[in-house]
$ cat model11.txt   # compact mmCIF, N, CA and C atoms
# COMPACT_ATOMS: atom_id res chain seq x y z
N MET Z 17 0.84 -1.18 0.00
CA MET Z 17 0.00 0.00 0.00
C MET Z 17 0.88 1.25 0.00
N LEU Z 18 0.46 2.24 -0.72
CA LEU Z 18 1.23 3.48 -0.87
C LEU Z 18 1.41 4.22 0.44
N LEU Z 19 0.39 4.22 1.29
CA LEU Z 19 0.48 4.96 2.55
C LEU Z 19 1.61 4.43 3.43
N GLY Z 20 1.93 3.19 3.33
CA GLY Z 20 3.02 2.62 4.10
C GLY Z 20 4.40 3.01 3.59
N LYS Z 21 4.46 3.65 2.43
CA LYS Z 21 5.73 4.04 1.83
C LYS Z 21 5.95 5.55 1.84
N LEU Z 22 5.14 6.27 2.62
CA LEU Z 22 5.31 7.72 2.72
C LEU Z 22 6.70 8.06 3.23
N PRO Z 23 7.32 9.12 2.70
CA PRO Z 23 8.62 9.54 3.23
C PRO Z 23 8.48 9.98 4.69
N ALA Z 24 9.57 9.90 5.41
CA ALA Z 24 9.58 10.32 6.80
C ALA Z 24 9.31 11.83 6.90
N VAL Z 25 8.66 12.22 7.98
CA VAL Z 25 8.36 13.63 8.21
C VAL Z 25 9.64 14.46 8.17
N GLU Z 26 10.71 13.96 8.79
CA GLU Z 26 11.97 14.70 8.84
C GLU Z 26 12.54 14.93 7.44
N ASP Z 27 12.44 13.92 6.58
CA ASP Z 27 12.92 14.06 5.20
C ASP Z 27 12.14 15.13 4.46
N CYS Z 28 10.84 15.15 4.63
CA CYS Z 28 10.00 16.15 3.96
C CYS Z 28 10.28 17.55 4.50
N GLU Z 29 10.50 17.64 5.81
CA GLU Z 29 10.81 18.95 6.40
C GLU Z 29 12.13 19.49 5.89
N MET Z 30 13.14 18.62 5.76
CA MET Z 30 14.43 19.07 5.24
C MET Z 30 14.31 19.50 3.78
N ALA Z 31 13.59 18.75 2.99
CA ALA Z 31 13.38 19.12 1.58
C ALA Z 31 12.66 20.45 1.49
N ALA Z 32 11.63 20.65 2.32
CA ALA Z 32 10.89 21.91 2.31
C ALA Z 32 11.80 23.08 2.71
N GLU Z 33 12.69 22.85 3.66
CA GLU Z 33 13.61 23.92 4.08
C GLU Z 33 14.57 24.29 2.96
N ILE Z 34 15.05 23.31 2.23
CA ILE Z 34 15.94 23.59 1.10
C ILE Z 34 15.19 24.37 0.03
N PHE Z 35 13.97 23.95 -0.30
CA PHE Z 35 13.18 24.70 -1.28
C PHE Z 35 12.91 26.12 -0.80
N LYS Z 36 12.67 26.27 0.47
CA LYS Z 36 12.44 27.60 1.04
C LYS Z 36 13.67 28.48 0.84
N GLN Z 37 14.85 27.93 1.06
CA GLN Z 37 16.08 28.70 0.92
C GLN Z 37 16.30 29.15 -0.52
N ILE Z 38 16.08 28.28 -1.46
CA ILE Z 38 16.35 28.64 -2.85
C ILE Z 38 15.18 29.36 -3.50
N SER Z 39 14.08 29.53 -2.77
CA SER Z 39 12.95 30.30 -3.32
C SER Z 39 13.18 31.80 -3.17
N ASN Z 40 14.22 32.19 -2.48
CA ASN Z 40 14.58 33.59 -2.31
C ASN Z 40 15.57 33.96 -3.41
N GLY Z 41 15.25 34.98 -4.20
CA GLY Z 41 16.09 35.37 -5.33
C GLY Z 41 17.51 35.75 -4.95
N THR Z 42 17.67 36.44 -3.84
CA THR Z 42 19.00 36.83 -3.40
C THR Z 42 19.83 35.60 -3.04
N ARG Z 43 19.23 34.70 -2.28
CA ARG Z 43 19.97 33.49 -1.91
C ARG Z 43 20.30 32.65 -3.13
N LEU Z 44 19.41 32.62 -4.10
CA LEU Z 44 19.68 31.86 -5.31
C LEU Z 44 20.84 32.48 -6.09
N ARG Z 45 20.90 33.81 -6.14
CA ARG Z 45 22.04 34.48 -6.81
C ARG Z 45 23.34 34.18 -6.09
N ILE Z 46 23.31 34.23 -4.76
CA ILE Z 46 24.51 33.92 -3.98
C ILE Z 46 24.93 32.48 -4.23
N LEU Z 47 23.97 31.58 -4.20
CA LEU Z 47 24.27 30.17 -4.44
C LEU Z 47 24.87 29.97 -5.83
N TRP Z 48 24.29 30.63 -6.83
CA TRP Z 48 24.82 30.52 -8.19
C TRP Z 48 26.27 30.98 -8.25
N LEU Z 49 26.56 32.11 -7.61
CA LEU Z 49 27.94 32.62 -7.59
C LEU Z 49 28.87 31.59 -6.96
N LEU Z 50 28.45 31.02 -5.85
CA LEU Z 50 29.31 30.10 -5.10
C LEU Z 50 29.38 28.71 -5.71
N CYS Z 51 28.56 28.45 -6.72
CA CYS Z 51 28.70 27.21 -7.49
C CYS Z 51 29.96 27.27 -8.35
N HIS Z 52 30.42 28.48 -8.62
CA HIS Z 52 31.51 28.67 -9.58
C HIS Z 52 32.81 29.14 -8.97
N CYS Z 53 32.78 29.54 -7.71
CA CYS Z 53 34.00 30.00 -7.07
C CYS Z 53 33.82 30.01 -5.56
N GLU Z 54 34.93 30.15 -4.89
CA GLU Z 54 34.92 30.33 -3.45
C GLU Z 54 35.14 31.82 -3.21
N GLU Z 55 34.31 32.43 -2.37
CA GLU Z 55 34.41 33.87 -2.14
C GLU Z 55 34.24 34.20 -0.67
N CYS Z 56 34.83 35.33 -0.28
CA CYS Z 56 34.66 35.82 1.09
C CYS Z 56 33.42 36.72 1.15
N VAL Z 57 32.98 36.98 2.35
CA VAL Z 57 31.76 37.76 2.57
C VAL Z 57 31.85 39.13 1.92
N SER Z 58 32.99 39.80 2.06
CA SER Z 58 33.10 41.16 1.50
C SER Z 58 32.98 41.16 -0.02
N ASN Z 59 33.55 40.16 -0.69
CA ASN Z 59 33.42 40.09 -2.15
C ASN Z 59 31.99 39.74 -2.57
N ILE Z 60 31.35 38.86 -1.82
CA ILE Z 60 29.96 38.52 -2.12
C ILE Z 60 29.08 39.75 -1.92
N SER Z 61 29.33 40.50 -0.86
CA SER Z 61 28.58 41.73 -0.59
C SER Z 61 28.69 42.70 -1.76
N ALA Z 62 29.92 42.90 -2.23
CA ALA Z 62 30.13 43.81 -3.36
C ALA Z 62 29.41 43.32 -4.61
N ALA Z 63 29.50 42.02 -4.87
CA ALA Z 63 28.85 41.46 -6.07
C ALA Z 63 27.33 41.59 -6.00
N MET Z 64 26.77 41.44 -4.81
CA MET Z 64 25.32 41.50 -4.63
C MET Z 64 24.80 42.92 -4.42
N GLY Z 65 25.72 43.87 -4.12
CA GLY Z 65 25.28 45.23 -3.82
C GLY Z 65 24.53 45.30 -2.50
N MET Z 66 24.99 44.51 -1.54
CA MET Z 66 24.32 44.42 -0.24
C MET Z 66 25.34 44.61 0.87
N SER Z 67 24.86 44.87 2.06
CA SER Z 67 25.74 44.99 3.21
C SER Z 67 26.28 43.62 3.61
N ALA Z 68 27.44 43.61 4.24
CA ALA Z 68 28.03 42.36 4.70
C ALA Z 68 27.13 41.64 5.71
N PRO Z 69 26.50 42.34 6.66
CA PRO Z 69 25.61 41.63 7.58
C PRO Z 69 24.42 40.96 6.87
N ALA Z 70 23.86 41.63 5.87
CA ALA Z 70 22.74 41.03 5.14
C ALA Z 70 23.18 39.79 4.38
N VAL Z 71 24.34 39.87 3.75
CA VAL Z 71 24.88 38.72 3.02
C VAL Z 71 25.19 37.59 4.00
N SER Z 72 25.77 37.93 5.14
CA SER Z 72 26.10 36.92 6.15
C SER Z 72 24.86 36.17 6.61
N HIS Z 73 23.76 36.87 6.74
CA HIS Z 73 22.50 36.22 7.12
C HIS Z 73 22.09 35.19 6.07
N HIS Z 74 22.14 35.56 4.80
CA HIS Z 74 21.78 34.63 3.73
C HIS Z 74 22.75 33.44 3.69
N LEU Z 75 24.03 33.72 3.86
CA LEU Z 75 25.03 32.64 3.85
C LEU Z 75 24.80 31.66 4.99
N LYS Z 76 24.46 32.19 6.14
CA LYS Z 76 24.21 31.32 7.30
C LYS Z 76 23.05 30.37 7.03
N THR Z 77 21.97 30.88 6.45
CA THR Z 77 20.82 30.01 6.20
C THR Z 77 21.14 28.97 5.13
N LEU Z 78 21.90 29.35 4.10
CA LEU Z 78 22.29 28.38 3.08
C LEU Z 78 23.23 27.32 3.66
N LYS Z 79 24.13 27.74 4.53
CA LYS Z 79 25.05 26.80 5.16
C LYS Z 79 24.28 25.84 6.08
N ASN Z 80 23.30 26.36 6.80
CA ASN Z 80 22.55 25.52 7.72
C ASN Z 80 21.75 24.43 7.02
N THR Z 81 21.41 24.64 5.76
CA THR Z 81 20.69 23.60 5.01
C THR Z 81 21.65 22.66 4.29
N GLY Z 82 22.95 22.88 4.46
CA GLY Z 82 23.94 21.99 3.86
C GLY Z 82 24.29 22.30 2.43
N LEU Z 83 23.84 23.45 1.92
CA LEU Z 83 24.13 23.79 0.53
C LEU Z 83 25.50 24.44 0.36
N LEU Z 84 26.00 25.06 1.41
CA LEU Z 84 27.31 25.72 1.37
C LEU Z 84 28.21 25.17 2.47
N VAL Z 85 29.49 25.30 2.24
CA VAL Z 85 30.50 25.05 3.27
C VAL Z 85 31.34 26.30 3.39
N ARG Z 86 32.04 26.41 4.53
CA ARG Z 86 32.88 27.59 4.72
C ARG Z 86 34.21 27.17 5.31
N ARG Z 87 35.17 28.06 5.13
CA ARG Z 87 36.48 27.87 5.75
C ARG Z 87 36.99 29.24 6.16
N ARG Z 88 37.76 29.26 7.21
CA ARG Z 88 38.33 30.52 7.72
C ARG Z 88 39.78 30.61 7.27
N ASP Z 89 40.16 31.81 6.83
CA ASP Z 89 41.54 32.12 6.49
C ASP Z 89 41.85 33.45 7.16
N GLY Z 90 42.46 33.39 8.34
CA GLY Z 90 42.68 34.60 9.12
C GLY Z 90 41.34 35.15 9.59
N LYS Z 91 41.08 36.42 9.25
CA LYS Z 91 39.82 37.04 9.64
C LYS Z 91 38.71 36.81 8.63
N GLU Z 92 39.07 36.34 7.46
CA GLU Z 92 38.08 36.15 6.38
C GLU Z 92 37.47 34.75 6.45
N ILE Z 93 36.20 34.69 6.12
CA ILE Z 93 35.51 33.41 5.98
C ILE Z 93 35.12 33.27 4.51
N TYR Z 94 35.50 32.17 3.93
CA TYR Z 94 35.22 31.89 2.52
C TYR Z 94 34.14 30.83 2.41
N TYR Z 95 33.25 31.03 1.45
CA TYR Z 95 32.13 30.11 1.21
C TYR Z 95 32.22 29.54 -0.19
N LYS Z 96 31.71 28.32 -0.34
CA LYS Z 96 31.56 27.71 -1.66
C LYS Z 96 30.45 26.67 -1.58
N LEU Z 97 30.03 26.19 -2.73
CA LEU Z 97 29.01 25.16 -2.81
C LEU Z 97 29.51 23.90 -2.12
N ALA Z 98 28.65 23.29 -1.33
CA ALA Z 98 29.00 22.03 -0.67
C ALA Z 98 29.16 20.93 -1.71
N ASP Z 99 30.02 20.01 -1.42
CA ASP Z 99 30.25 18.87 -2.30
C ASP Z 99 29.31 17.74 -1.88
N THR Z 100 28.00 17.98 -2.09
CA THR Z 100 26.98 17.00 -1.74
C THR Z 100 26.08 16.78 -2.95
N PRO Z 101 25.42 15.63 -3.01
CA PRO Z 101 24.50 15.40 -4.12
C PRO Z 101 23.38 16.46 -4.20
N VAL Z 102 22.83 16.87 -3.07
CA VAL Z 102 21.74 17.86 -3.09
C VAL Z 102 22.24 19.18 -3.67
N ALA Z 103 23.38 19.66 -3.20
CA ALA Z 103 23.92 20.93 -3.71
C ALA Z 103 24.23 20.83 -5.20
N GLU Z 104 24.81 19.72 -5.62
CA GLU Z 104 25.12 19.54 -7.04
C GLU Z 104 23.85 19.48 -7.89
N TYR Z 105 22.81 18.81 -7.41
CA TYR Z 105 21.55 18.76 -8.16
C TYR Z 105 20.92 20.14 -8.28
N ILE Z 106 20.96 20.92 -7.23
CA ILE Z 106 20.41 22.27 -7.29
C ILE Z 106 21.19 23.10 -8.31
N HIS Z 107 22.50 22.95 -8.32
CA HIS Z 107 23.32 23.64 -9.33
C HIS Z 107 22.89 23.22 -10.73
N ARG Z 108 22.72 21.94 -10.95
CA ARG Z 108 22.31 21.45 -12.27
C ARG Z 108 20.91 21.92 -12.64
N ILE Z 109 20.01 21.97 -11.67
CA ILE Z 109 18.65 22.47 -11.93
C ILE Z 109 18.71 23.93 -12.38
N CYS Z 110 19.52 24.73 -11.70
CA CYS Z 110 19.66 26.14 -12.08
C CYS Z 110 20.16 26.25 -13.52
N GLU Z 111 21.13 25.43 -13.87
CA GLU Z 111 21.69 25.47 -15.21
C GLU Z 111 20.72 24.95 -16.27
N GLU Z 112 20.18 23.77 -16.05
CA GLU Z 112 19.44 23.09 -17.09
C GLU Z 112 17.97 23.47 -17.17
N ILE Z 113 17.33 23.64 -16.04
CA ILE Z 113 15.91 23.95 -16.04
C ILE Z 113 15.68 25.45 -16.16
N PHE Z 114 16.41 26.22 -15.37
CA PHE Z 114 16.19 27.67 -15.33
C PHE Z 114 17.13 28.45 -16.23
N LYS Z 115 18.01 27.75 -16.93
CA LYS Z 115 18.90 28.34 -17.92
C LYS Z 115 19.85 29.39 -17.35
N MET Z 116 20.27 29.20 -16.12
CA MET Z 116 21.28 30.08 -15.50
C MET Z 116 22.63 29.42 -15.77
N LYS Z 117 23.12 29.61 -16.97
CA LYS Z 117 24.32 28.89 -17.43
C LYS Z 117 25.57 29.30 -16.68
N CYS Z 118 26.44 28.32 -16.52
CA CYS Z 118 27.74 28.56 -15.90
C CYS Z 118 28.65 29.30 -16.87
N PRO Z 119 29.43 30.22 -16.36
CA PRO Z 119 30.35 30.96 -17.23
C PRO Z 119 31.60 30.16 -17.58
N LEU Z 120 31.84 29.08 -16.87
CA LEU Z 120 33.08 28.32 -17.06
C LEU Z 120 32.93 27.22 -18.08
$ encode --input "model11.txt" --output "structure tokens"
Amino acid sequence: MLLGKLPAVEDCEMAAEIFKQISNGTRLRILWLLCHCEECVSNISAAMGMSAPAVSHHLKTLKNTGLLVRRRDGKEIYYKLADTPVAEYIHRICEEIFKMKCPL
């Protein structure tokens, strides 16, 4: 019976959270940028035309869903796309479905 094969509540909640994160245009632009390079908060801020605190907020939410990873180099924190199947699929969806082509 199909009802016995329903996905776990936790799995659905995590998927919904990821969709929620990428449904924001600013976060999607940040994610697209970080699919192609590793950048620090100040460079991302400049590219987005936003304040560093606002960008940091978006980065934190993307990191919390496992889409981004970060590393510290001195005082700077650098972000890039996580090396996970979910992050890679979202990158491919942006490219193939939404035609946000990679420059590389």
$ closest_atom_pairs --input "model11.txt" --of "range 17-84 of chain Z" --to "range 89-95 of chain Z" --cutoff "6 Å" --atoms "only N, CA and C atoms" --output "JSON lines"
{"residue": "Z:Leu50", "atom": "CA", "partner": "Z:Tyr95", "partner_atom": "C", "distance": 5.7}
{"residue": "Z:Cys53", "atom": "C", "partner": "Z:Tyr95", "partner_atom": "C", "distance": 5.6}
{"residue": "Z:Glu54", "atom": "CA", "partner": "Z:Tyr95", "partner_atom": "C", "distance": 4.3}
{"residue": "Z:Glu55", "atom": "C", "partner": "Z:Tyr95", "partner_atom": "N", "distance": 3.9}
{"residue": "Z:Cys56", "atom": "CA", "partner": "Z:Tyr94", "partner_atom": "CA", "distance": 4.2}
{"residue": "Z:Val57", "atom": "N", "partner": "Z:Ile93", "partner_atom": "C", "distance": 4.8}
$ atom_distance --input "model11.txt" --atom1 "atom N of Ile109 in chain Z" --atom2 "CA of Arg45 in chain Z"
13.6 Å
$ atom_distance --input "model11.txt" --atom1 "atom N of Tyr105 in chain Z" --atom2 "atom C of Phe35 in chain Z"
14.0 Å
$ residues_near_point --input "model11.txt" --point "(17.7, 21.8, 3.5)" --cutoff "8 Å" --atoms "all atoms listed in the file" --output "ChimeraX atom specification"
/Z:29-37,78,80-83
$ atom_distance --input "model11.txt" --atom1 "CA of Met66 in chain Z" --atom2 "CA of His52 in chain Z"
19.7 Å
$ closest_residue --input "model11.txt" --among "Z:Cys51, Z:Pro69, Z:Leu19, Z:Ser61" --to "Thr100 in chain Z" --atoms "only C-alpha atoms"
Z:Cys51
$ select_by_dssp --input "model11.txt" --residues "chain Z" --states "helix (DSSP H, G or I)" --output "ChimeraX atom specification"
/Z:18-21,25-38,41-52,57-64,68-80,101-112
$ select_by_dssp --input "model11.txt" --residues "chain Z" --states "strand (DSSP E or B)" --output "list in words"
Glu55, Cys56, Leu84, Val85, Arg86, Arg87, Arg88, Asp89, Glu92, Ile93, Tyr94, Tyr95, Lys96 and Leu97 of chain Z
$ axis_aligned_box --input "model11.txt" --around "range 75-82 of chain Z" --padding-each-side "4 Å" --output "AutoDock Vina command-line options"
--center_x 22.9 --center_y 27.9 --center_z 5.1 --size_x 12.4 --size_y 19.7 --size_z 13.3
